[in-house]
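Asker: What follows is a single structure, and I will ask about it in a moment.
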Amino acid sequence: MAATNVLSTREAAEKAAKAKDEAETAAREAAAAALRLFDNDPVLLAGLLDVPAEELERDAKPVTAARAKEVIETLRARAERPRPSRRPRTPRATSAPPPTAPAPVHTPDGGRPDAV
């Protein structure tokens, strides 16, 4: 049982390390794409993201211009694609008047419909 625990823990650690590497790569590519979209103005982008400009430049530096363009094109394609509806929408309540109660029956003998 201990050996199984060791193997599963090592496997989980390897998966986590791979996910970390992929996330770091994605973050660097996103920084490079964002800088390209903001005319390579790290000060402006840093102000918008509340991240130091030096950190943005450092993250974006290893990403090639071609890869940054690919990321931008992927983002544009995703933005143009219609999103599938995840749940059916319920119609909104309109400002229709509230339902009315039936009109009272008028009887000449003081309200007793069965009086003769």
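Residue numbering restarts at 1 in every chain; chains get A, B, ... in the order shown in the structure tokens, and ligands count up from 1 in that same order.
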Pick out the residues sitting within 9 Å of region 27-43 of chain A, and hand them over as number ranges by chain; count only C-alpha atoms, and ignore anything fewer than 3 positions along from it in its own chain.
Answerer: A: 22-24, 46-48, 52-54, 56-65, 67-72
